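What follows is structure.pdb (PDB, C-alpha atoms).
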```pdb
ATOM      1  CA  MET A  19     -59.435 -38.387  -7.339
ATOM      2  CA  PRO A  20     -57.144 -39.155  -4.406
ATOM      3  CA  GLN A  21     -53.627 -39.951  -5.463
ATOM      4  CA  GLY A  22     -52.195 -42.922  -3.583
ATOM      5  CA  ASP A  23     -52.275 -42.338   0.151
ATOM      6  CA  ARG A  24     -51.917 -38.604  -0.161
ATOM      7  CA  LEU A  25     -53.805 -36.594   2.391
ATOM      8  CA  ASP A  26     -56.142 -33.976   0.962
ATOM      9  CA  VAL A  27     -56.996 -32.026   4.085
ATOM     10  CA  TYR A  28     -55.910 -31.673   7.690
ATOM     11  CA  LEU A  29     -58.620 -30.053   9.811
ATOM     12  CA  ALA A  30     -57.300 -28.304  12.920
ATOM     13  CA  VAL A  31     -59.924 -27.040  15.345
ATOM     14  CA  GLY A  32     -57.790 -24.391  16.987
ATOM     15  CA  HIS A  33     -57.194 -23.879  20.721
ATOM     16  CA  GLY A  34     -58.156 -26.858  22.945
ATOM     17  CA  VAL A  35     -55.710 -28.907  24.977
ATOM     18  CA  GLU A  36     -52.172 -27.659  24.445
ATOM     19  CA  ASP A  37     -48.928 -29.650  24.575
ATOM     20  CA  ASN A  38     -48.520 -28.815  28.258
ATOM     21  CA  GLY A  39     -51.951 -30.302  29.030
ATOM     22  CA  VAL A  40     -53.619 -26.966  29.696
ATOM     23  CA  PHE A  41     -57.018 -26.449  28.081
ATOM     24  CA  ASP A  42     -57.216 -23.236  26.071
ATOM     25  CA  PRO A  43     -60.885 -22.469  25.343
ATOM     26  CA  GLY A  44     -60.073 -19.655  22.905
ATOM     27  CA  ALA A  45     -62.331 -16.634  23.064
ATOM     28  CA  ILE A  46     -65.144 -16.805  25.599
ATOM     29  CA  GLY A  47     -68.433 -15.132  24.783
ATOM     30  CA  ALA A  48     -70.551 -13.090  27.144
ATOM     31  CA  ASP A  49     -72.835 -16.093  27.564
ATOM     32  CA  GLY A  50     -69.949 -18.418  28.369
ATOM     33  CA  ARG A  51     -69.622 -19.931  24.910
ATOM     34  CA  GLN A  52     -66.122 -21.150  24.156
ATOM     35  CA  GLU A  53     -64.552 -20.631  20.763
ATOM     36  CA  HIS A  54     -62.924 -24.058  20.771
ATOM     37  CA  LEU A  55     -66.207 -25.886  21.381
ATOM     38  CA  GLU A  56     -68.061 -23.955  18.717
ATOM     39  CA  ALA A  57     -65.258 -24.488  16.193
ATOM     40  CA  PHE A  58     -65.245 -28.177  17.090
ATOM     41  CA  GLN A  59     -68.849 -28.471  15.958
ATOM     42  CA  VAL A  60     -68.203 -26.658  12.685
ATOM     43  CA  CYS A  61     -65.181 -28.866  11.997
ATOM     44  CA  THR A  62     -67.265 -31.949  12.670
ATOM     45  CA  HIS A  63     -69.715 -30.878   9.986
ATOM     46  CA  ALA A  64     -66.889 -29.922   7.628
ATOM     47  CA  LEU A  65     -65.323 -33.348   8.130
ATOM     48  CA  ALA A  66     -68.605 -35.064   7.326
ATOM     49  CA  GLY A  67     -68.993 -33.028   4.137
ATOM     50  CA  MET A  68     -65.428 -33.663   3.004
ATOM     51  CA  ARG A  69     -65.518 -37.413   3.630
ATOM     52  CA  ARG A  70     -68.905 -37.673   1.961
ATOM     53  CA  SER A  71     -67.283 -36.031  -1.060
ATOM     54  CA  GLY A  72     -64.435 -38.504  -1.095
ATOM     55  CA  LEU A  73     -61.627 -36.357   0.311
ATOM     56  CA  ARG A  74     -58.938 -37.913   2.446
ATOM     57  CA  VAL A  75     -59.156 -35.979   5.692
ATOM     58  CA  VAL A  76     -57.489 -36.110   9.068
ATOM     59  CA  SER A  77     -59.429 -34.087  11.617
ATOM     60  CA  GLU A  78     -58.756 -33.244  15.230
ATOM     61  CA  THR A  79     -62.441 -33.886  15.825
ATOM     62  CA  ALA A  80     -62.283 -37.576  14.993
TER      63      ALA A  80
ATOM     64  CA  MET B   8     -70.454  -7.973  11.989
ATOM     65  CA  ASP B   9     -69.780 -11.696  12.199
ATOM     66  CA  GLY B  10     -68.798 -13.423   8.990
ATOM     67  CA  PHE B  11     -66.362 -15.716   7.291
ATOM     68  CA  SER B  12     -62.928 -14.254   6.683
ATOM     69  CA  GLY B  13     -60.001 -16.262   5.383
ATOM     70  CA  LEU B  14     -56.643 -15.580   7.014
ATOM     71  CA  TYR B  15     -53.924 -16.529   4.525
ATOM     72  CA  ALA B  16     -50.194 -16.164   3.899
ATOM     73  CA  ALA B  17     -49.871 -17.329   0.288
ATOM     74  CA  ASP B  18     -51.814 -17.111  -2.952
ATOM     75  CA  ASP B  19     -53.077 -20.685  -2.774
ATOM     76  CA  GLY B  20     -54.442 -20.071   0.708
ATOM     77  CA  HIS B  21     -56.223 -16.988  -0.564
ATOM     78  CA  ALA B  22     -57.676 -18.951  -3.472
ATOM     79  CA  LEU B  23     -59.025 -21.525  -1.019
ATOM     80  CA  ALA B  24     -60.517 -18.724   1.080
ATOM     81  CA  LYS B  25     -62.338 -17.356  -1.959
ATOM     82  CA  HIS B  26     -63.873 -20.736  -2.767
ATOM     83  CA  ILE B  27     -65.041 -21.192   0.814
ATOM     84  CA  GLY B  28     -66.300 -17.618   0.876
ATOM     85  CA  ARG B  29     -68.455 -18.252  -2.172
ATOM     86  CA  ALA B  30     -69.894 -21.352  -0.501
ATOM     87  CA  PHE B  31     -70.705 -19.256   2.583
ATOM     88  CA  GLU B  32     -72.465 -16.661   0.445
ATOM     89  CA  ALA B  33     -74.416 -19.361  -1.375
ATOM     90  CA  ARG B  34     -75.784 -20.398   2.013
ATOM     91  CA  HIS B  35     -76.595 -16.800   2.935
ATOM     92  CA  GLN B  36     -73.912 -16.867   5.608
ATOM     93  CA  PRO B  37     -72.210 -13.501   6.191
ATOM     94  CA  ARG B  38     -68.892 -12.863   4.470
ATOM     95  CA  LYS B  39     -66.084 -10.509   5.410
ATOM     96  CA  ALA B  40     -62.890  -9.587   3.585
ATOM     97  CA  ASP B  41     -59.984 -12.031   3.665
ATOM     98  CA  VAL B  42     -56.859 -10.921   5.523
ATOM     99  CA  PHE B  43     -53.183 -11.410   4.580
ATOM    100  CA  ARG B  44     -51.441 -12.709   7.743
ATOM    101  CA  PRO B  45     -47.947 -13.902   6.706
ATOM    102  CA  GLU B  46     -46.635 -13.721  10.287
ATOM    103  CA  LEU B  47     -48.852 -16.538  11.594
ATOM    104  CA  PHE B  48     -46.843 -19.718  12.131
ATOM    105  CA  PHE B  49     -49.833 -21.952  11.408
ATOM    106  CA  LEU B  50     -49.871 -20.472   7.914
ATOM    107  CA  ASN B  51     -46.197 -19.987   7.124
ATOM    108  CA  GLY B  52     -44.850 -23.090   8.899
ATOM    109  CA  THR B  53     -46.115 -25.575   6.302
ATOM    110  CA  THR B  54     -45.717 -26.294   2.620
ATOM    111  CA  MET B  55     -49.376 -27.337   2.428
ATOM    112  CA  THR B  56     -52.037 -24.910   1.335
ATOM    113  CA  ALA B  57     -52.987 -23.337   4.623
ATOM    114  CA  LEU B  58     -55.948 -21.231   5.677
ATOM    115  CA  ILE B  59     -57.575 -20.145   8.902
ATOM    116  CA  PRO B  60     -61.326 -19.820   8.299
ATOM    117  CA  GLU B  61     -62.131 -17.119  10.820
ATOM    118  CA  VAL B  62     -65.744 -16.903  11.930
ATOM    119  CA  ARG B  63     -66.773 -15.349  15.180
ATOM    120  CA  ARG B  64     -67.345 -18.532  17.137
ATOM    121  CA  VAL B  65     -68.335 -17.388  20.609
ATOM    122  CA  ARG B  66     -72.046 -17.291  19.992
ATOM    123  CA  ASN B  67     -74.422 -20.110  20.716
ATOM    124  CA  TYR B  68     -75.253 -20.725  17.072
ATOM    125  CA  PRO B  69     -77.967 -23.294  16.388
ATOM    126  CA  ASP B  70     -76.770 -26.565  14.941
ATOM    127  CA  SER B  71     -78.234 -25.643  11.554
ATOM    128  CA  VAL B  72     -75.802 -22.702  11.295
ATOM    129  CA  ASN B  73     -72.853 -24.803  12.438
ATOM    130  CA  GLN B  74     -73.785 -27.359   9.790
ATOM    131  CA  ALA B  75     -74.156 -24.723   7.057
ATOM    132  CA  GLN B  76     -70.743 -23.267   7.868
ATOM    133  CA  GLY B  77     -69.087 -26.689   8.068
ATOM    134  CA  GLU B  78     -70.618 -27.744   4.756
ATOM    135  CA  ALA B  79     -69.495 -24.452   3.207
ATOM    136  CA  ILE B  80     -65.913 -25.203   4.250
ATOM    137  CA  ALA B  81     -66.254 -28.680   2.729
ATOM    138  CA  GLU B  82     -67.754 -27.398  -0.519
ATOM    139  CA  GLY B  83     -65.174 -24.639  -0.914
ATOM    140  CA  THR B  84     -62.345 -27.075  -0.247
ATOM    141  CA  CYS B  85     -63.704 -29.478  -2.853
ATOM    142  CA  ALA B  86     -63.912 -26.653  -5.390
ATOM    143  CA  PHE B  87     -60.341 -25.616  -4.645
ATOM    144  CA  LEU B  88     -59.118 -29.202  -5.090
ATOM    145  CA  GLY B  89     -61.125 -29.696  -8.275
ATOM    146  CA  ARG B  90     -63.266 -32.365  -6.700
ATOM    147  CA  THR B  91     -67.014 -32.830  -6.736
ATOM    148  CA  TYR B  92     -68.761 -31.812  -3.561
ATOM    149  CA  ARG B  93     -71.582 -34.105  -2.504
ATOM    150  CA  PRO B  94     -74.174 -32.297  -0.354
ATOM    151  CA  PRO B  95     -75.867 -34.123   2.503
ATOM    152  CA  GLY B  96     -78.826 -36.228   1.431
ATOM    153  CA  PRO B  97     -81.727 -37.662   3.399
ATOM    154  CA  LEU B  98     -79.641 -40.646   4.453
ATOM    155  CA  ASP B  99     -76.903 -38.418   5.851
ATOM    156  CA  THR B 100     -79.436 -36.413   7.774
ATOM    157  CA  ARG B 101     -80.999 -39.527   9.160
ATOM    158  CA  VAL B 102     -77.638 -40.821  10.318
ATOM    159  CA  ARG B 103     -76.795 -37.513  11.934
ATOM    160  CA  GLU B 104     -79.953 -37.222  13.955
ATOM    161  CA  PRO B 105     -79.799 -38.557  17.507
ATOM    162  CA  GLN B 106     -81.613 -41.768  18.181
ATOM    163  CA  PRO B 107     -85.156 -41.097  19.313
ATOM    164  CA  GLY B 108     -85.401 -40.770  23.044
ATOM    165  CA  LEU B 109     -81.695 -40.461  23.683
ATOM    166  CA  VAL B 110     -80.321 -37.425  25.470
ATOM    167  CA  THR B 111     -77.671 -35.297  23.752
ATOM    168  CA  PRO B 112     -75.959 -31.988  24.622
ATOM    169  CA  ASP B 113     -78.646 -30.364  22.483
ATOM    170  CA  SER B 114     -81.457 -31.792  24.610
ATOM    171  CA  ALA B 115     -83.703 -29.127  26.096
ATOM    172  CA  LEU B 116     -83.859 -28.759  29.859
ATOM    173  CA  HIS B 117     -87.489 -27.732  29.585
ATOM    174  CA  ALA B 118     -89.279 -30.908  28.618
ATOM    175  CA  ALA B 119     -91.561 -33.561  29.964
ATOM    176  CA  ALA B 120     -89.842 -36.282  31.957
ATOM    177  CA  ARG B 121     -87.882 -38.468  29.556
ATOM    178  CA  ALA B 122     -88.015 -41.337  32.039
ATOM    179  CA  PRO B 123     -90.282 -42.312  34.934
ATOM    180  CA  ALA B 124     -88.950 -41.812  38.470
ATOM    181  CA  GLU B 125     -88.419 -45.543  38.827
ATOM    182  CA  LYS B 126     -85.523 -45.401  36.363
ATOM    183  CA  PRO B 127     -83.242 -43.072  38.357
ATOM    184  CA  LYS B 128     -84.264 -44.836  41.560
ATOM    185  CA  GLN B 129     -83.112 -48.170  40.123
ATOM    186  CA  TYR B 130     -79.946 -46.549  38.808
ATOM    187  CA  LEU B 131     -79.000 -45.047  42.162
ATOM    188  CA  LEU B 132     -80.039 -48.053  44.245
ATOM    189  CA  ALA B 133     -77.833 -50.287  42.089
ATOM    190  CA  ARG B 134     -74.820 -48.176  43.077
ATOM    191  CA  SER B 135     -73.293 -47.116  46.351
ATOM    192  CA  HIS B 136     -75.068 -44.003  47.568
ATOM    193  CA  GLY B 137     -73.041 -42.855  50.521
ATOM    194  CA  GLU B 138     -74.740 -42.575  53.862
ATOM    195  CA  TRP B 139     -78.149 -42.204  52.290
ATOM    196  CA  SER B 140     -80.458 -45.164  52.879
ATOM    197  CA  ASP B 141     -82.463 -46.779  50.099
ATOM    198  CA  ASP B 142     -85.557 -45.007  51.412
ATOM    199  CA  ASP B 143     -83.683 -41.702  51.363
ATOM    200  CA  VAL B 144     -82.738 -42.270  47.729
ATOM    201  CA  ARG B 145     -86.327 -42.974  46.742
ATOM    202  CA  THR B 146     -87.517 -39.881  48.615
ATOM    203  CA  ILE B 147     -84.845 -37.651  47.075
ATOM    204  CA  VAL B 148     -85.721 -38.780  43.556
ATOM    205  CA  ASP B 149     -89.403 -38.208  44.282
ATOM    206  CA  PHE B 150     -88.591 -34.690  45.488
ATOM    207  CA  TYR B 151     -86.754 -34.055  42.219
ATOM    208  CA  TYR B 152     -89.611 -35.322  40.091
ATOM    209  CA  THR B 153     -92.169 -33.242  41.983
ATOM    210  CA  THR B 154     -90.046 -30.093  42.063
ATOM    211  CA  ALA B 155     -88.666 -30.173  38.518
ATOM    212  CA  GLY B 156     -91.931 -31.285  36.967
ATOM    213  CA  ALA B 157     -93.792 -28.379  38.575
ATOM    214  CA  VAL B 158     -91.552 -25.823  36.859
ATOM    215  CA  GLY B 159     -91.249 -27.542  33.485
ATOM    216  CA  LEU B 160     -87.768 -29.028  33.798
ATOM    217  CA  ASP B 161     -87.130 -32.600  32.770
ATOM    218  CA  PRO B 162     -86.439 -34.276  36.148
ATOM    219  CA  LEU B 163     -84.293 -36.925  34.447
ATOM    220  CA  LEU B 164     -81.760 -34.276  33.443
ATOM    221  CA  VAL B 165     -81.762 -32.707  36.907
ATOM    222  CA  VAL B 166     -81.154 -36.091  38.529
ATOM    223  CA  ALA B 167     -78.471 -36.836  35.954
ATOM    224  CA  GLN B 168     -76.706 -33.690  37.126
ATOM    225  CA  LEU B 169     -77.077 -34.834  40.735
ATOM    226  CA  VAL B 170     -75.435 -38.132  39.784
ATOM    227  CA  GLU B 171     -72.601 -36.413  37.923
ATOM    228  CA  GLU B 172     -71.971 -33.792  40.610
ATOM    229  CA  THR B 173     -72.064 -36.135  43.595
ATOM    230  CA  GLY B 174     -70.755 -39.416  42.232
ATOM    231  CA  HIS B 175     -74.216 -40.938  42.678
ATOM    232  CA  LEU B 176     -74.647 -39.413  46.129
ATOM    233  CA  THR B 177     -71.276 -40.490  47.490
ATOM    234  CA  SER B 178     -69.423 -37.169  47.587
ATOM    235  CA  PHE B 179     -68.490 -35.443  50.834
ATOM    236  CA  TRP B 180     -70.638 -32.426  50.069
ATOM    237  CA  SER B 181     -73.724 -34.501  49.272
ATOM    238  CA  GLN B 182     -73.787 -36.167  52.692
ATOM    239  CA  ARG B 183     -75.527 -34.970  55.859
ATOM    240  CA  PRO B 184     -75.310 -32.352  57.281
ATOM    241  CA  ARG B 185     -74.353 -30.603  54.030
ATOM    242  CA  ARG B 186     -76.902 -32.144  51.619
ATOM    243  CA  ASN B 187     -75.433 -30.309  48.644
ATOM    244  CA  PHE B 188     -76.565 -32.333  45.632
ATOM    245  CA  ALA B 189     -74.960 -30.265  42.883
ATOM    246  CA  GLY B 190     -71.622 -28.929  44.090
ATOM    247  CA  ILE B 191     -73.186 -25.525  44.667
ATOM    248  CA  GLY B 192     -70.561 -23.073  45.865
ATOM    249  CA  VAL B 193     -68.021 -25.859  46.254
ATOM    250  CA  THR B 194     -64.604 -24.587  45.222
ATOM    251  CA  GLY B 195     -62.278 -27.249  46.516
ATOM    252  CA  ASN B 196     -61.115 -25.022  49.348
ATOM    253  CA  PRO B 197     -61.742 -26.637  52.741
ATOM    254  CA  GLY B 198     -65.171 -25.807  54.128
ATOM    255  CA  GLU B 199     -66.183 -23.745  51.116
ATOM    256  CA  GLY B 200     -69.592 -24.775  49.818
ATOM    257  CA  VAL B 201     -73.302 -24.477  50.521
ATOM    258  CA  SER B 202     -75.151 -26.652  53.041
ATOM    259  CA  PHE B 203     -78.898 -27.208  53.056
ATOM    260  CA  PRO B 204     -81.027 -27.869  56.166
ATOM    261  CA  ASP B 205     -83.020 -30.811  54.774
ATOM    262  CA  ARG B 206     -83.407 -32.977  51.683
ATOM    263  CA  LYS B 207     -86.365 -31.133  50.218
ATOM    264  CA  THR B 208     -84.698 -27.741  50.528
ATOM    265  CA  ALA B 209     -81.576 -29.235  49.002
ATOM    266  CA  VAL B 210     -83.553 -30.394  45.984
ATOM    267  CA  HIS B 211     -85.147 -26.942  45.714
ATOM    268  CA  GLY B 212     -81.701 -25.339  45.933
ATOM    269  CA  HIS B 213     -80.375 -27.455  43.095
ATOM    270  CA  THR B 214     -83.442 -27.441  40.842
ATOM    271  CA  GLY B 215     -84.103 -23.732  41.253
ATOM    272  CA  ARG B 216     -80.518 -22.885  40.417
ATOM    273  CA  LEU B 217     -80.593 -25.030  37.300
ATOM    274  CA  LEU B 218     -83.892 -23.399  36.376
ATOM    275  CA  ALA B 219     -82.220 -19.983  36.576
ATOM    276  CA  TYR B 220     -79.560 -21.164  34.137
ATOM    277  CA  SER B 221     -82.287 -22.287  31.754
ATOM    278  CA  LEU B 222     -84.473 -19.147  31.792
ATOM    279  CA  PRO B 223     -83.583 -15.570  30.813
ATOM    280  CA  LYS B 224     -83.983 -13.314  33.829
ATOM    281  CA  GLY B 225     -87.526 -12.090  34.367
ATOM    282  CA  THR B 226     -89.177 -14.554  32.017
ATOM    283  CA  GLY B 227     -90.315 -17.141  34.542
ATOM    284  CA  ASN B 228     -93.847 -17.635  35.796
ATOM    285  CA  GLN B 229     -94.754 -17.254  39.456
ATOM    286  CA  ALA B 230     -93.867 -20.819  40.441
ATOM    287  CA  GLN B 231     -90.586 -20.690  38.538
ATOM    288  CA  ASN B 232     -89.588 -17.342  40.018
ATOM    289  CA  GLN B 233     -90.429 -18.558  43.525
ATOM    290  CA  LEU B 234     -88.213 -21.610  43.142
ATOM    291  CA  ILE B 235     -85.381 -19.576  41.611
ATOM    292  CA  ASN B 236     -85.537 -17.038  44.434
ATOM    293  CA  GLU B 237     -85.483 -19.781  47.056
ATOM    294  CA  ALA B 238     -82.484 -21.430  45.425
ATOM    295  CA  LEU B 239     -80.505 -18.260  44.927
ATOM    296  CA  SER B 240     -81.099 -17.190  48.528
ATOM    297  CA  PHE B 241     -78.559 -19.863  49.441
ATOM    298  CA  HIS B 242     -76.007 -18.870  46.814
ATOM    299  CA  SER B 243     -76.298 -15.958  44.435
ATOM    300  CA  LEU B 244     -75.939 -16.282  40.679
ATOM    301  CA  PRO B 245     -74.011 -13.837  38.466
ATOM    302  CA  ALA B 246     -76.279 -11.932  36.092
ATOM    303  CA  ASP B 247     -74.576 -13.365  33.026
ATOM    304  CA  ARG B 248     -75.564 -16.906  33.991
ATOM    305  CA  PHE B 249     -79.313 -16.451  33.689
ATOM    306  CA  GLY B 250     -80.730 -18.148  30.628
ATOM    307  CA  VAL B 251     -77.436 -19.467  29.258
ATOM    308  CA  ALA B 252     -78.594 -23.070  29.232
ATOM    309  CA  PRO B 253     -81.847 -23.750  27.402
ATOM    310  CA  THR B 254     -80.108 -27.010  26.496
ATOM    311  CA  LEU B 255     -77.517 -29.107  28.291
ATOM    312  CA  LYS B 256     -74.618 -27.728  26.279
ATOM    313  CA  GLY B 257     -75.156 -24.302  27.805
ATOM    314  CA  LEU B 258     -73.983 -25.688  31.144
ATOM    315  CA  ALA B 259     -70.474 -26.457  29.830
ATOM    316  CA  GLY B 260     -68.212 -23.589  30.721
ATOM    317  CA  THR B 261     -70.857 -21.970  32.914
ATOM    318  CA  TRP B 262     -72.131 -24.323  35.604
ATOM    319  CA  ALA B 263     -68.893 -26.259  35.317
ATOM    320  CA  THR B 264     -65.613 -25.350  33.660
ATOM    321  CA  ASP B 265     -65.391 -28.825  32.123
ATOM    322  CA  ALA B 266     -65.736 -28.453  28.352
ATOM    323  CA  GLN B 267     -67.240 -31.950  28.178
ATOM    324  CA  TYR B 268     -69.731 -31.332  30.979
ATOM    325  CA  ALA B 269     -72.843 -31.529  28.775
ATOM    326  CA  VAL B 270     -71.564 -34.660  27.078
ATOM    327  CA  LYS B 271     -71.088 -36.246  30.496
ATOM    328  CA  LEU B 272     -74.557 -35.245  31.699
ATOM    329  CA  ALA B 273     -76.100 -36.683  28.544
ATOM    330  CA  ALA B 274     -74.171 -39.917  29.020
ATOM    331  CA  VAL B 275     -75.403 -40.257  32.596
ATOM    332  CA  ALA B 276     -78.972 -39.553  31.538
ATOM    333  CA  ASN B 277     -78.738 -42.214  28.851
ATOM    334  CA  ASP B 278     -77.247 -44.671  31.331
ATOM    335  CA  ILE B 279     -80.255 -44.077  33.539
ATOM    336  CA  LEU B 280     -82.606 -44.483  30.596
ATOM    337  CA  THR B 281     -81.212 -47.762  29.370
TER     338      THR B 281
END
```
Please express the file's structure as structure tokens.
Amino acid sequence: MPQGDRLDVYLAVGHGVEDNGVFDPGAIGADGRQEHLEAFQVCTHALAGMRRSGLRVVSETA
Amino acid sequence: MDGFSGLYAADDGHALAKHIGRAFEARHQPRKADVFRPELFFLNGTTMTALIPEVRRVRNYPDSVNQAQGEAIAEGTCAFLGRTYRPPGPLDTRVREPQPGLVTPDSALHAAARAPAEKPKQYLLARSHGEWSDDDVRTIVDFYYTTAGAVGLDPLLVVAQLVEETGHLTSFWSQRPRRNFAGIGVTGNPGEGVSFPDRKTAVHGHTGRLLAYSLPKGTGNQAQNQLINEALSFHSLPADRFGVAPTLKGLAGTWATDAQYAVKLAAVANDILT
């Protein structure tokens, strides 16, 4: 069970907009896919699964 | 081979990677060996258990794979924390599905019209539309519906792109004598962009180009190939762009560099719909 306000998980997507405001897409596939966007989708699903299971999560996707 | 690999710097991170790895395997997702990476700041710069779940993420995986991998990360994390993982149930699935009829980045470009032509006409006529008259707007939308419908593209999505690219027909490049309805060849450098001789050709130039993005090279029928060839005669298309966008999300990072491009197109389409 969660203890007090303790955070269980921090989900970082990786890449994306950096501190200087520049967008870093991560690796780019031959078809134009961007690593950051694909990871964003996976993290969104991971966040849903974790919250559904009662974890306290902070995610860069939400 | 693609597959989940945990990058870790400490024993607890490795333990977390093993739990997630087992959850990947349980979903028949490929698994690779974990890798000790103590030099990575993301891993060694925190007192929390830290892990980088590395999966080759530059493929256009279907949403079902993205969901399986995300749920595997959730399940493995729960196991590591000694908590009970609750898998998605019917209610979760129902919540996650888009509302019927609404456009999303996963919406297919090849589809029947999701809205009658009157909808985008009303949308455009309710907004400033540059130097184009109301009759011009109606004619342009009709050209889109005729052209896109004949090659299997949803004309609503094509018009949504017109709206997004031209600021509902107000941009410099969309006006006469340029008639460029999709920013084709426009780089931002003065004078650099494609002009079309008339409205109908302009619609062909836009629709045919979008069609090329949606179809792998050489897979179109005669009408589709004819429209693609006409469009690309005005501005060529790199070989790696053909077929990258069966759905809207394939246009992000290809047609436009904007990572949110598909989200924006979907939003415009839904604005037109509602």
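Once B:Pro45 and its same-chain neighbours fewer than 6 positions away are set aside, B:Leu14, B:Tyr15, B:Ala16, B:Ala17, B:Asn51, B:Gly52 remain within 10 Å of it when counting all atoms listed in the file.
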Which residues of chain A come within 6 Å of chain B, and what is each one's closest atom pair and distance in Å (one decimal), counting only C-alpha atoms, sorted by chain and residue number, as CSV?
```
residue,atom,partner,partner_atom,distance
A:Ile46,CA,B:Val65,CA,6.0
A:Gly47,CA,B:Val65,CA,4.7
A:Asp49,CA,B:Val251,CA,6.0
A:Gly50,CA,B:Thr261,CA,5.8
A:Arg51,CA,B:Val65,CA,5.2
A:Gln52,CA,B:Val65,CA,5.6
A:Glu53,CA,B:Val65,CA,5.0
A:Glu56,CA,B:Arg64,CA,5.7
A:Val60,CA,B:Gly77,CA,4.7
A:Cys61,CA,B:Gly77,CA,6.0
A:His63,CA,B:Gly77,CA,4.6
A:Ala64,CA,B:Gly77,CA,3.9
A:Gly67,CA,B:Ala81,CA,5.3
A:Met68,CA,B:Ala81,CA,5.1
A:Ser71,CA,B:Arg93,CA,4.9
```
> What is the atom CA of A:Leu29-atom CA of A:Asp42 distance in Å, reported with one decimal?
Replying inline: 17.7 Å
> How many Å lie between atom CA of B:Ile279 and atom CA of B:Pro127, rounded to one decimal?
Replying inline: 5.8 Å
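What separates atom CA of A:Leu55 from atom CA of B:Ser114 is a distance of 16.7 Å.
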> What does the PyMOL selection byres ((chain B and resi 42) around 8) select in this file, as a ChimeraX atom specification?
Replying inline: /B:12-15,40-41,43-44
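Each of B:Ala219, B:Gly190, B:Glu199, B:Ser243 was checked against B:Ala263 using all atoms listed in the file; the smallest atom-to-atom distance is that of B:Gly190.
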>> If the PyMOL selection byres ((chain B and resi 130) around 12) were run on this exact file, what residues would it hold? Put them as a PyMOL selection string.
In response: chain B and resi 122-129+131-136+141+144-145+148+163+166-167+170+175-176+275-281
>> Nearest residue to B:Ser71 out of A:His54, A:Gly44, A:Val35, A:Gln59, using all atoms listed in the file?
In response: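 Among the listed residues, the smallest separation from B:Ser71 belongs to A:Gln59.
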> Which residues fall under the PyMOL selection byres ((chain B and resi 230-235) around 7) in this file, as JSON, numbers by chain?
Replying inline: {"B": [158, 211, 215, 216, 218, 219, 227, 228, 229, 236, 237, 238, 239]}
Since we have the selection now, will you write its residues out, keeping C-alpha atoms, as a JSON list (two decimals), in the frame of the given file?
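Result file is result39.json:
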```json
[["chain", "number", "residue", "atom", "x", "y", "z"],
["B", 158, "VAL", "CA", -91.55, -25.82, 36.86],
["B", 211, "HIS", "CA", -85.15, -26.94, 45.71],
["B", 215, "GLY", "CA", -84.10, -23.73, 41.25],
["B", 216, "ARG", "CA", -80.52, -22.88, 40.42],
["B", 218, "LEU", "CA", -83.89, -23.40, 36.38],
["B", 219, "ALA", "CA", -82.22, -19.98, 36.58],
["B", 227, "GLY", "CA", -90.32, -17.14, 34.54],
["B", 228, "ASN", "CA", -93.85, -17.64, 35.80],
["B", 229, "GLN", "CA", -94.75, -17.25, 39.46],
["B", 236, "ASN", "CA", -85.54, -17.04, 44.43],
["B", 237, "GLU", "CA", -85.48, -19.78, 47.06],
["B", 238, "ALA", "CA", -82.48, -21.43, 45.42],
["B", 239, "LEU", "CA", -80.50, -18.26, 44.93]]
```
> Do you know which residues are at most 9 Å from B:Ala119 counting only C-alpha atoms, after dropping those on the same chain fewer than 3 positions away, and could you put them as JSON, numbers by chain?
Replying inline: {"B": [122, 156, 159, 160, 161, 162]}
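Among the candidate residues B:Phe87, B:Gly174, B:Phe203, B:Thr54, the one lying nearest to B:Asn187 is B:Phe203, with distances computed using all atoms listed in the file.
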